[in-house]
$ cat my_file_23.tsv   # TSV, C-alpha atoms and all ligand atoms
chain	number	residue	atom	x	y	z
A	1313	MET	CA	0.00	0.00	0.00
A	1314	HIS	CA	1.44	3.40	-1.00
A	1315	LYS	CA	1.62	6.30	1.44
A	1316	LEU	CA	-1.69	8.14	1.48
A	1317	LYS	CA	-1.36	11.56	-0.11
A	1318	PHE	CA	-3.04	14.16	2.08
A	1319	ALA	CA	-4.07	17.75	1.40
A	1320	ILE	CA	-5.11	20.28	4.05
A	1321	ILE	CA	-7.83	22.75	3.10
A	1322	GLY	CA	-7.99	25.65	5.58
A	1323	CYS	CA	-4.67	26.64	7.15
A	1324	GLY	CA	-5.72	28.39	10.37
A	1325	TYR	CA	-5.19	27.54	14.04
A	1326	ILE	CA	-6.22	23.87	14.01
A	1327	SER	CA	-4.24	22.90	10.90
A	1328	THR	CA	-1.09	22.67	13.05
A	1329	ASN	CA	-2.56	19.58	14.76
A	1330	HIS	CA	-3.19	18.01	11.35
A	1331	ILE	CA	0.38	18.63	10.24
A	1332	LYS	CA	1.69	16.97	13.40
A	1333	ALA	CA	-0.65	14.02	12.93
A	1334	ILE	CA	0.51	13.47	9.34
A	1335	ILE	CA	4.16	13.58	10.43
A	1336	ASP	CA	3.44	11.16	13.29
A	1337	ASN	CA	1.91	8.77	10.76
A	1338	PHE	CA	4.73	9.32	8.25
A	1339	GLU	CA	5.03	5.62	7.42
A	1340	ASP	CA	1.53	5.71	5.92
A	1341	ALA	CA	0.90	9.36	5.12
A	1342	GLU	CA	2.43	12.42	3.45
A	1343	LEU	CA	1.19	15.96	3.03
A	1344	ILE	CA	1.44	16.89	-0.62
A	1345	SER	CA	-0.65	20.10	-0.82
A	1346	VAL	CA	-2.02	22.87	1.37
A	1347	CYS	CA	-4.73	25.35	0.50
A	1348	ASP	CA	-6.15	28.50	2.07
A	1349	LEU	CA	-8.05	31.44	0.64
A	1350	LEU	CA	-5.27	33.48	2.25
A	1351	GLU	CA	-2.32	32.12	0.32
A	1352	ASN	CA	0.27	33.38	2.82
A	1353	ARG	CA	-1.31	31.12	5.47
A	1354	ALA	CA	-0.91	28.14	3.17
A	1355	GLU	CA	2.73	29.11	2.47
A	1356	LEU	CA	3.40	29.18	6.23
A	1357	LYS	CA	1.86	25.72	6.63
A	1358	ALA	CA	4.00	24.31	3.82
A	1359	ASP	CA	7.07	25.61	5.68
A	1360	GLU	CA	5.76	24.30	8.99
A	1361	TYR	CA	5.42	20.80	7.55
A	1362	VAL	CA	9.01	20.78	6.29
A	1363	LEU	CA	10.29	22.15	9.61
A	1364	LYS	CA	8.33	19.65	11.72
A	1365	ALA	CA	9.61	16.83	9.51
A	1366	GLU	CA	13.20	18.00	10.01
A	1367	GLU	CA	12.69	18.13	13.77
A	1368	ASN	CA	11.69	14.47	13.51
A	1369	HIS	CA	14.72	13.67	11.31
A	1370	LEU	CA	12.53	13.08	8.28
A	1371	THR	CA	13.05	14.40	4.78
A	1372	VAL	CA	9.90	15.45	2.98
A	1373	LYS	CA	8.97	17.32	-0.17
A	1374	ARG	CA	7.53	20.81	0.45
A	1375	PRO	CA	3.77	20.64	-0.17
A	1376	THR	CA	2.42	22.59	-3.13
A	1377	VAL	CA	0.44	25.72	-2.20
A	1378	PHE	CA	-2.99	26.78	-3.49
A	1379	ASN	CA	-5.66	29.34	-2.70
A	1380	ASP	CA	-8.37	27.47	-4.60
A	1381	TYR	CA	-9.15	23.88	-3.58
A	1382	ARG	CA	-10.81	23.08	-6.91
A	1383	GLU	CA	-7.62	23.95	-8.78
A	1384	MET	CA	-5.62	21.94	-6.23
A	1385	LEU	CA	-7.79	18.86	-6.72
A	1386	GLU	CA	-7.47	19.17	-10.49
A	1387	LYS	CA	-3.69	19.48	-10.48
A	1388	GLU	CA	-2.61	17.17	-7.66
A	1389	ASN	CA	-3.05	13.45	-7.20
A	1390	ILE	CA	-4.59	13.56	-3.71
A	1391	ASP	CA	-6.09	10.57	-1.82
A	1392	THR	CA	-7.45	12.29	1.28
A	1393	CYS	CA	-8.50	15.83	2.18
A	1394	ALA	CA	-8.45	17.25	5.70
A	1395	ILE	CA	-11.10	19.98	5.76
A	1396	CYS	CA	-10.10	22.55	8.40
A	1397	THR	CA	-11.92	25.60	7.12
A	1398	ILE	CA	-14.41	27.42	9.31
A	1399	SER	CA	-17.42	25.32	10.31
A	1400	GLY	CA	-20.06	26.78	7.97
A	1401	TYR	CA	-18.03	26.20	4.80
A	1402	ARG	CA	-17.13	22.56	5.29
A	1403	THR	CA	-20.13	20.75	3.81
A	1404	GLU	CA	-19.78	22.03	0.26
A	1405	ILE	CA	-16.00	21.52	0.25
A	1406	SER	CA	-16.33	18.01	1.70
A	1407	ILE	CA	-18.96	17.03	-0.86
A	1408	TYR	CA	-16.88	18.46	-3.71
A	1409	CYS	CA	-13.88	16.38	-2.57
A	1410	MET	CA	-15.89	13.18	-2.08
A	1411	GLU	CA	-17.51	13.50	-5.52
A	1412	LEU	CA	-13.94	13.38	-6.85
A	1413	LYS	CA	-13.43	10.13	-4.90
A	1414	LYS	CA	-11.27	11.66	-2.19
A	1415	ASN	CA	-11.53	10.41	1.39
A	1416	VAL	CA	-12.46	13.21	3.76
A	1417	LEU	CA	-11.42	13.95	7.32
A	1418	VAL	CA	-13.52	16.85	8.49
A	1419	GLU	CA	-13.12	19.04	11.56
A	1420	LYS	CA	-15.88	19.17	14.16
A	1421	PRO	CA	-18.76	19.93	14.07
A	1422	MET	CA	-19.18	18.23	10.70
A	1423	ALA	CA	-21.88	20.64	9.47
A	1424	MET	CA	-24.29	23.37	10.53
A	1425	SER	CA	-27.45	21.34	9.87
A	1426	THR	CA	-28.61	17.73	10.06
A	1427	MET	CA	-29.54	17.94	6.38
A	1428	ASP	CA	-25.96	18.83	5.46
A	1429	ALA	CA	-24.63	16.02	7.65
A	1430	ASP	CA	-26.94	13.60	5.81
A	1431	ARG	CA	-25.77	14.91	2.43
A	1432	MET	CA	-22.16	14.32	3.46
A	1433	ILE	CA	-22.90	10.79	4.67
A	1434	LYS	CA	-24.78	9.94	1.45
A	1435	THR	CA	-22.02	11.38	-0.75
A	1436	ALA	CA	-19.39	9.26	1.04
A	1437	GLU	CA	-21.50	6.15	0.58
A	1438	LYS	CA	-22.31	6.86	-3.06
A	1439	ASN	CA	-18.65	7.39	-3.95
A	1440	LYS	CA	-17.39	4.58	-1.70
A	1441	VAL	CA	-14.95	6.86	0.10
A	1442	LYS	CA	-14.29	7.16	3.83
A	1443	LEU	CA	-15.49	10.05	5.95
A	1444	THR	CA	-14.41	10.77	9.52
A	1445	VAL	CA	-15.12	13.64	11.93
A	1446	CYS	CA	-12.43	15.01	14.28
A	1447	TYR	CA	-13.69	13.98	17.69
A	1448	GLN	CA	-10.13	13.04	18.57
A	1449	ASN	CA	-10.78	13.08	22.34
A	1450	ARG	CA	-12.42	9.66	22.02
A	1451	PHE	CA	-8.88	8.31	21.57
A	1452	ARG	CA	-7.56	9.74	24.86
A	1453	PRO	CA	-6.31	6.89	27.04
A	1454	VAL	CA	-8.53	7.83	29.99
A	1455	ILE	CA	-11.62	7.95	27.76
A	1456	GLN	CA	-10.70	4.68	26.06
A	1457	LYS	CA	-10.24	3.12	29.51
A	1458	LEU	CA	-13.65	4.41	30.62
A	1459	ARG	CA	-15.36	3.10	27.51
A	1460	GLN	CA	-13.67	-0.30	27.95
A	1461	THR	CA	-14.87	-0.41	31.59
A	1462	ILE	CA	-18.44	0.35	30.48
A	1463	ASP	CA	-18.26	-2.33	27.75
A	1464	GLU	CA	-17.03	-4.89	30.29
A	1465	GLY	CA	-20.21	-4.26	32.30
A	1466	SER	CA	-18.46	-2.99	35.45
A	1467	PHE	CA	-21.01	-0.19	35.91
A	1468	GLY	CA	-24.02	-2.50	35.81
A	1469	ARG	CA	-26.98	-0.50	34.60
A	1470	ILE	CA	-25.96	3.00	33.47
A	1471	ILE	CA	-28.16	5.58	35.18
A	1472	ALA	CA	-26.79	8.94	34.08
A	1473	GLY	CA	-23.86	10.86	32.71
A	1474	THR	CA	-22.91	14.52	32.98
A	1475	ALA	CA	-20.54	16.65	30.91
A	1476	ARG	CA	-19.53	20.08	32.25
A	1477	ILE	CA	-17.42	22.44	30.21
A	1478	LEU	CA	-16.56	25.58	32.17
A	1479	TRP	CA	-14.53	27.80	29.93
A	1480	ASN	CA	-13.79	31.44	29.25
A	1481	ARG	CA	-13.68	33.05	25.82
A	1482	ASN	CA	-13.23	36.81	25.71
A	1483	ARG	CA	-13.94	39.47	23.11
A	1484	ASP	CA	-10.44	39.25	21.69
A	1485	TYR	CA	-10.98	35.54	20.83
A	1486	TYR	CA	-14.14	36.33	18.84
A	1487	GLU	CA	-12.63	39.37	17.15
A	1488	ARG	CA	-9.67	37.38	15.89
A	1489	ALA	CA	-12.01	35.36	13.64
A	1490	LYS	CA	-15.25	37.07	12.70
A	1491	TRP	CA	-17.06	33.81	11.82
A	1492	ARG	CA	-17.05	32.76	15.47
A	1493	GLY	CA	-20.26	33.35	17.40
A	1494	THR	CA	-22.42	33.61	14.24
A	1495	TRP	CA	-25.39	31.35	13.50
A	1496	LYS	CA	-24.48	30.86	9.88
A	1497	LEU	CA	-20.86	29.83	10.31
A	1498	ASP	CA	-20.29	28.65	13.88
A	1499	GLY	CA	-23.15	28.27	16.39
A	1500	GLY	CA	-22.59	29.02	20.06
A	1501	CYS	CA	-20.59	27.48	22.90
A	1502	LEU	CA	-22.55	24.21	22.78
A	1503	MET	CA	-21.82	23.74	19.08
A	1504	ASN	CA	-18.20	24.87	19.12
A	1505	GLN	CA	-16.49	24.59	22.51
A	1506	CYS	CA	-18.70	21.82	24.00
A	1507	SER	CA	-19.05	19.61	20.95
A	1508	HIS	CA	-16.24	17.21	21.99
A	1509	ASN	CA	-17.68	16.56	25.44
A	1510	ILE	CA	-21.21	16.13	24.13
A	1511	ASP	CA	-19.81	13.57	21.69
A	1512	LEU	CA	-18.01	11.77	24.52
A	1513	LEU	CA	-21.10	11.77	26.73
A	1514	GLN	CA	-23.37	10.27	24.09
A	1515	TRP	CA	-20.70	7.76	23.00
A	1516	LEU	CA	-20.13	6.55	26.56
A	1517	MET	CA	-23.85	6.28	27.31
A	1518	GLY	CA	-24.00	3.86	24.39
A	1519	SER	CA	-27.63	4.41	23.41
A	1520	GLU	CA	-29.66	6.26	20.81
A	1521	ILE	CA	-31.11	9.67	21.66
A	1522	ASP	CA	-34.80	9.73	22.62
A	1523	THR	CA	-35.57	13.32	23.70
A	1524	VAL	CA	-33.67	16.55	24.31
A	1525	PHE	CA	-34.54	19.57	26.45
A	1526	GLY	CA	-32.29	22.61	26.22
A	1527	GLN	CA	-32.06	26.02	27.81
A	1528	THR	CA	-29.58	28.49	26.42
A	1529	GLY	CA	-28.80	32.18	26.68
A	1530	ASN	CA	-26.37	34.88	25.71
A	1531	TYR	CA	-25.27	36.57	28.93
A	1532	LEU	CA	-21.83	38.13	28.52
A	1533	HIS	CA	-21.11	38.23	24.78
A	1534	PRO	CA	-23.56	40.77	23.29
A	1535	TYR	CA	-21.39	41.12	20.15
A	1536	ASN	CA	-22.13	37.43	19.35
A	1537	GLU	CA	-25.39	36.16	17.85
A	1538	THR	CA	-25.24	32.81	19.64
A	1539	GLU	CA	-25.38	31.38	23.19
A	1540	ASP	CA	-22.59	31.58	25.72
A	1541	TYR	CA	-24.31	29.33	28.27
A	1542	GLY	CA	-26.28	26.16	27.65
A	1543	SER	CA	-27.85	23.43	29.68
A	1544	ILE	CA	-29.12	20.21	28.07
A	1545	ILE	CA	-31.02	17.21	29.42
A	1546	ILE	CA	-30.92	14.19	27.13
A	1547	ARG	CA	-33.08	11.10	27.63
A	1548	PHE	CA	-31.50	8.11	25.95
A	1549	LYS	CA	-33.52	5.19	24.60
A	1550	ASN	CA	-32.08	2.86	27.27
A	1551	GLY	CA	-33.64	5.15	29.90
A	1552	ALA	CA	-30.40	6.78	31.03
A	1553	ILE	CA	-30.22	10.56	31.41
A	1554	GLY	CA	-27.45	12.78	30.06
A	1555	ASN	CA	-26.76	16.28	31.38
A	1556	VAL	CA	-24.65	18.95	29.76
A	1557	GLU	CA	-23.60	22.28	31.24
A	1558	GLY	CA	-21.46	24.27	28.87
A	1559	THR	CA	-20.32	27.86	28.92
A	1560	THR	CA	-17.71	30.33	27.81
A	1561	CYS	CA	-18.64	32.76	30.64
A	1562	ILE	CA	-16.38	31.52	33.43
A	1563	TYR	CA	-14.69	34.35	35.32
A	1564	PRO	CA	-11.81	35.01	34.95
A	1565	GLN	CA	-10.46	32.04	32.95
A	1566	ASN	CA	-11.06	28.37	32.05
A	1567	LEU	CA	-12.02	26.42	35.17
A	1568	GLY	CA	-12.01	22.96	33.66
A	1569	GLU	CA	-14.11	20.09	32.37
A	1570	THR	CA	-15.70	17.11	34.06
A	1571	LEU	CA	-17.32	13.95	32.83
A	1572	THR	CA	-19.31	11.89	35.32
A	1573	ILE	CA	-20.78	8.44	34.72
A	1574	ILE	CA	-23.17	7.05	37.32
A	1575	GLY	CA	-23.94	3.35	37.17
A	1576	GLU	CA	-25.65	0.79	39.39
A	1577	LYS	CA	-22.31	-0.64	40.53
A	1578	GLY	CA	-19.84	2.08	39.72
A	1579	THR	CA	-19.15	5.82	39.62
A	1580	VAL	CA	-16.44	7.58	37.63
A	1581	VAL	CA	-15.55	11.25	37.45
A	1582	ILE	CA	-12.89	12.48	35.06
A	1583	GLY	CA	-11.88	16.11	35.48
A	1584	GLY	CA	-9.00	18.57	35.26
A	1585	LEU	CA	-8.36	21.51	33.02
A	1586	THR	CA	-8.41	19.31	29.93
A	1587	LEU	CA	-10.37	16.25	31.05
A	1588	ASP	CA	-7.40	14.03	31.87
A	1589	LYS	CA	-7.52	13.61	35.67
A	1590	VAL	CA	-9.20	10.64	37.29
A	1591	MET	CA	-11.11	12.15	40.25
A	1592	VAL	CA	-13.33	9.20	41.19
A	1593	TRP	CA	-13.00	5.54	40.13
A	1594	ASN	CA	-15.31	3.50	42.37
A	1595	PHE	CA	-16.64	0.06	41.55
A	1596	GLU	CA	-18.43	-2.63	43.51
A	1597	HIS	CA	-15.79	-5.08	42.36
A	1598	LYS	CA	-12.90	-2.71	42.83
A	1599	LYS	CA	-9.95	-3.74	40.78
A	1600	LYS	CA	-7.79	-0.63	40.59
A	1601	SER	CA	-7.18	2.51	42.66
A	1602	ILE	CA	-7.45	6.03	41.21
A	1603	GLU	CA	-3.65	6.25	41.30
A	1604	GLU	CA	-3.20	3.03	39.35
A	1605	VAL	CA	-5.71	4.04	36.67
A	1606	GLN	CA	-4.20	7.54	36.44
A	1607	LYS	CA	-0.68	6.16	36.08
A	1608	GLU	CA	-1.71	3.70	33.40
A	1609	CYS	CA	-3.47	6.46	31.40
A	1610	ASP	CA	-0.69	9.03	31.91
A	1611	LEU	CA	1.89	6.65	30.49
A	1612	LYS	CA	-0.20	6.19	27.36
A	1613	SER	CA	-1.04	9.92	27.25
A	1614	GLU	CA	2.59	10.94	27.32
A	1615	ASN	CA	3.13	8.83	24.30
A	1616	ILE	CA	0.19	10.39	22.51
A	1617	ARG	CA	0.87	13.96	23.65
A	1618	SER	CA	4.41	13.84	22.33
A	1619	LYS	CA	2.91	12.79	19.04
A	1620	GLY	CA	0.08	15.33	18.87
A	1621	ARG	CA	-3.62	15.41	19.59
A	1622	HIS	CA	-4.99	14.26	16.23
A	1623	THR	CA	-2.45	11.47	15.77
A	1624	SER	CA	-4.58	8.53	16.92
A	1625	LEU	CA	-7.58	9.74	14.94
A	1626	TYR	CA	-5.43	9.92	11.79
A	1627	LYS	CA	-4.08	6.43	12.50
A	1628	ASN	CA	-7.62	5.07	12.84
A	1629	PHE	CA	-8.69	6.81	9.63
A	1630	ILE	CA	-5.67	5.61	7.66
A	1631	ASP	CA	-6.32	2.03	8.86
A	1632	SER	CA	-9.94	2.30	7.78
A	1633	ILE	CA	-8.90	3.39	4.28
A	1634	GLN	CA	-6.19	0.76	3.93
A	1635	ASN	CA	-8.33	-2.09	5.27
A	1636	ASN	CA	-11.71	-0.88	4.01
A	1637	THR	CA	-13.24	-0.80	7.49
A	1638	ASN	CA	-15.36	1.84	9.25
A	1639	PRO	CA	-13.43	4.58	11.04
A	1640	LEU	CA	-14.39	4.91	14.73
A	1641	ILE	CA	-16.09	8.23	14.03
A	1642	ASP	CA	-17.82	7.92	10.68
A	1643	GLY	CA	-20.47	10.35	9.42
A	1644	TYR	CA	-23.27	8.70	11.42
A	1645	GLU	CA	-21.23	8.99	14.62
A	1646	GLY	CA	-20.24	12.57	13.83
A	1647	LYS	CA	-23.89	13.51	13.35
A	1648	LYS	CA	-24.99	12.42	16.84
A	1649	SER	CA	-23.55	15.30	18.89
A	1650	LEU	CA	-24.53	17.73	16.14
A	1651	SER	CA	-28.14	16.51	16.45
A	1652	ILE	CA	-28.13	16.90	20.24
A	1653	VAL	CA	-26.97	20.51	20.01
A	1654	LEU	CA	-29.44	21.40	17.24
A	1655	MET	CA	-32.27	19.76	19.21
A	1656	ALA	CA	-31.26	21.79	22.29
A	1657	TYR	CA	-31.41	24.99	20.21
A	1658	LYS	CA	-34.84	24.03	18.90
A	1659	SER	CA	-35.95	23.25	22.44
A	1660	GLN	CA	-34.86	26.72	23.60
A	1661	LYS	CA	-36.64	28.34	20.66
A	1662	TYR	CA	-39.98	26.57	21.24
A	1663	SER	CA	-39.68	26.03	25.03
A	1664	ARG	CA	-40.44	22.34	24.86
A	1665	VAL	CA	-38.90	18.90	24.83
A	1666	ILE	CA	-37.81	17.80	21.35
A	1667	ASN	CA	-38.47	14.22	20.38
A	1668	TYR	CA	-35.92	12.54	18.10
A	1669	ASN	CA	-38.72	10.88	16.14
A	1670	GLU	CA	-40.44	14.11	15.23
A	1671	GLY	CA	-38.03	14.69	12.39
A	1672	LEU	CA	-34.61	16.13	12.53
A	1673	ASN	CA	-34.42	18.76	9.86
A	1674	ILE	CA	-32.68	21.44	11.87
A	1675	SER	CA	-30.16	24.09	10.84
A	1676	THR	CA	-28.35	26.74	12.89
A	1677	LYS	CA	-29.90	29.23	10.47
A	1678	ASP	CA	-33.31	28.44	12.07
A	1679	PHE	CA	-32.13	30.30	15.16
A	1680	GLU	CA	-30.99	33.56	13.62
A	1681	GLY	CA	-32.13	36.47	15.77
A	1682	MET	CA	-32.91	34.22	18.77
A	1683	PHE	CA	-31.11	36.44	21.28
A	1684	ASP	CA	-31.39	39.78	19.49
A	1685	GLU	CA	-33.97	41.29	21.83
A	1686	LYS	CA	-32.06	40.24	24.92
A	1687	ASN	CA	-28.83	41.88	23.75
B	1	LIG	N1	-10.83	19.27	16.78
B	1	LIG	C1	-10.54	20.27	17.60
B	1	LIG	O1	-10.14	20.06	18.75
B	1	LIG	C2	-10.69	21.68	17.12
B	1	LIG	C3	-10.03	22.72	17.80
B	1	LIG	C4	-10.15	24.02	17.28
B	1	LIG	C5	-10.93	24.26	16.15
B	1	LIG	N2	-11.58	23.22	15.56
B	1	LIG	C6	-12.46	23.43	14.39
B	1	LIG	O2	-11.64	23.75	13.27
B	1	LIG	C7	-12.28	24.69	12.44
B	1	LIG	C8	-11.31	25.79	12.10
B	1	LIG	O3	-10.98	26.48	13.27
B	1	LIG	P1	-9.70	27.43	13.35
B	1	LIG	O4	-9.67	27.93	14.74
B	1	LIG	O5	-8.51	26.75	12.76
B	1	LIG	O6	-10.19	28.61	12.38
B	1	LIG	P2	-9.31	29.72	11.65
B	1	LIG	O7	-10.21	30.87	11.42
B	1	LIG	O8	-8.02	29.93	12.41
B	1	LIG	O9	-8.90	29.01	10.26
B	1	LIG	C9	-9.83	28.72	9.24
B	1	LIG	C10	-9.09	28.89	7.92
B	1	LIG	O10	-9.92	28.43	6.85
B	1	LIG	C11	-9.65	29.26	5.73
B	1	LIG	N3	-10.72	29.10	4.74
B	1	LIG	C12	-12.03	29.50	4.84
B	1	LIG	N4	-12.70	29.18	3.71
B	1	LIG	C13	-11.83	28.54	2.90
B	1	LIG	C14	-11.91	27.97	1.59
B	1	LIG	N5	-13.04	27.97	0.89
B	1	LIG	N6	-10.80	27.40	1.07
B	1	LIG	C15	-9.65	27.38	1.75
B	1	LIG	N7	-9.49	27.93	2.98
B	1	LIG	C16	-10.57	28.50	3.55
B	1	LIG	C17	-9.54	30.65	6.34
B	1	LIG	O11	-8.89	31.57	5.47
B	1	LIG	C18	-8.74	30.35	7.60
B	1	LIG	O12	-7.34	30.47	7.39
B	1	LIG	C19	-13.53	25.16	13.21
B	1	LIG	O13	-14.67	24.61	12.62
B	1	LIG	C20	-13.38	24.61	14.61
B	1	LIG	O14	-14.61	24.19	15.17
B	1	LIG	C21	-11.46	21.95	16.00

$ encode --input "my_file_23.tsv" --output "structure tokens"
Amino acid sequence: MHKLKFAIIGCGYISTNHIKAIIDNFEDAELISVCDLLENRAELKADEYVLKAEENHLTVKRPTVFNDYREMLEKENIDTCAICTISGYRTEISIYCMELKKNVLVEKPMAMSTMDADRMIKTAEKNKVKLTVCYQNRFRPVIQKLRQTIDEGSFGRIIAGTARILWNRNRDYYERAKWRGTWKLDGGCLMNQCSHNIDLLQWLMGSEIDTVFGQTGNYLHPYNETEDYGSIIIRFKNGAIGNVEGTTCIYPQNLGETLTIIGEKGTVVIGGLTLDKVMVWNFEHKKKSIEEVQKECDLKSENIRSKGRHTSLYKNFIDSIQNNTNPLIDGYEGKKSLSIVLMAYKSQKYSRVINYNEGLNISTKDFEGMFDEKN
């Protein structure tokens, strides 16, 4: 199998993680092209790739640079595109790439509407290409360990799970990129900052969504169109309840994240500034102490951290392409957290519980003007 030829489309903040991940998977992957509307950003990324390769004692060819992805796809022989543009522009670019039989790795959230997510899933299936969504936190050792413990049945019946994301984002953060905090291109804190933890919560609960009730508001960011605080109650089909509290209003800076799973025979709380500290690890049939679990996960984390945050996700995606298997986070998986957030927005708009069966044609554009009066 030849090395997969990657291109990055969108060379902003997050593209650095993609460059690292490609280098970390150098035996199976190479970056051959980079593209950004702002060509100087793409030039910088081409240099960054060469530099990072040198730091790792690797010799690579400098990627070709484009400001138009259509031209890039015409001229270069690319296998896989990493779509790292701003959220609202990813669907059309992803579909364009997949129609040309390119595999697509798309940043989170995968789209701004459930209809767009469905279009992306259908396009991947029609063209027999692979699609994955960057919920890379699923690969964190502590999360993998938690999922394994759930799968082994150590919790007994799962009763509830809670994700709390207590962050701060100030005016400067939103002014640096004007698309942030808009309905059309971003969504609010639940869609952007909390999307990883909502994905983890629903993945760990291991059941389909039944109903969603959401309450959201814009309290401290009047220059944004979208929410800066959100609370969600999810009822899963297996009867378990999921709770989400997410905000970018924490004074004066990020406080941290927690993920709690409550089961009949076990309770786990993961916390810390970046959800990597085992706070509680209690089971009826206690096998390991908090310290033992933490040590085991830290050893694996160190390995992963030194290699970069998207590395394991890239490895999983490359394997799925080479072996024609499903990536861990395919389009259907990527759509789940998106649906929860959109249902919570709809719930806020109509002040009622939203049933999954009532049809899921929801777009962030449906909520334009939702907080205008309050601002
Ligand atoms: N997985 C994660 O942990 C994670 C972390 C941060 C951001 N993100 C996601 O990554 C996305 C990008 O975030 P960012 O902070 O890097 O944004 P950014 O504004 O820094 O970068 C986006 C880049 O896309 C470029 N772009 C826009 N339209 C384009 C087009 N048609 N063709 C080529 N380039 C185009 C812009 O010029 C810009 O350079 C967001 O959707 C965000 O949700 C994911």

$ closest_residue --input "my_file_23.tsv" --among "A:Leu1640, A:Cys1561, A:Val1556, A:Ile1407" --to "Lys1627 in chain A" --atoms "all atoms listed in the file"
A:Leu1640

$ closest_residue --input "my_file_23.tsv" --among "A:Lys1457, A:Lys1315, A:Arg1452, A:Arg1621" --to "Val1605 in chain A" --atoms "only C-alpha atoms"
A:Lys1457

$ axis_aligned_box --input "my_file_23.tsv" --around "ligand LIG 1 (chain B)" --padding-each-side "4 Å" --output "AutoDock Vina command-line options"
--center_x -11.0 --center_y 25.4 --center_z 9.8 --size_x 15.3 --size_y 20.3 --size_z 25.9

$ residues_near_ligand --input "my_file_23.tsv" --ligand "ligand LIG 1 (chain B)" --cutoff "6 Å" --atoms "only C-alpha atoms and all ligand atoms" --output "list in words"
Ile1321, Gly1322, Cys1323, Gly1324, Tyr1325, Ile1326, Cys1347, Asp1348, Leu1349, Leu1350, Cys1396, Thr1397, Ile1398, Ser1399, Glu1419, Lys1420, Cys1446, Ala1489 and Asn1504 of chain A

$ closest_atom_pairs --input "my_file_23.tsv" --of "range 1484-1519 of chain A" --to "range 1570-1592 of chain A" --cutoff "9 Å" --atoms "only C-alpha atoms" --output "tab-separated table"
residue	atom	partner	partner_atom	distance
A:Asn1509	CA	A:Leu1571	CA	7.8
A:Leu1512	CA	A:Leu1571	CA	8.6
A:Leu1513	CA	A:Leu1571	CA	7.5
A:Leu1516	CA	A:Ile1573	CA	8.4
A:Met1517	CA	A:Ile1573	CA	8.3

$ closest_residue --input "my_file_23.tsv" --among "A:Ser1624, A:Ser1601, A:Thr1528, A:Thr1637" --to "Tyr1662 in chain A" --atoms "all atoms listed in the file"
A:Thr1528

$ closest_residue --input "my_file_23.tsv" --among "A:Glu1360, A:Lys1442, A:Glu1603, A:Ile1666" --to "Pro1375 in chain A" --atoms "all atoms listed in the file"
A:Glu1360

$ closest_residue --input "my_file_23.tsv" --among "A:Asn1449, A:Gly1500, A:Ile1455, A:Ile1562" --to "Asn1482 in chain A" --atoms "all atoms listed in the file"
A:Ile1562
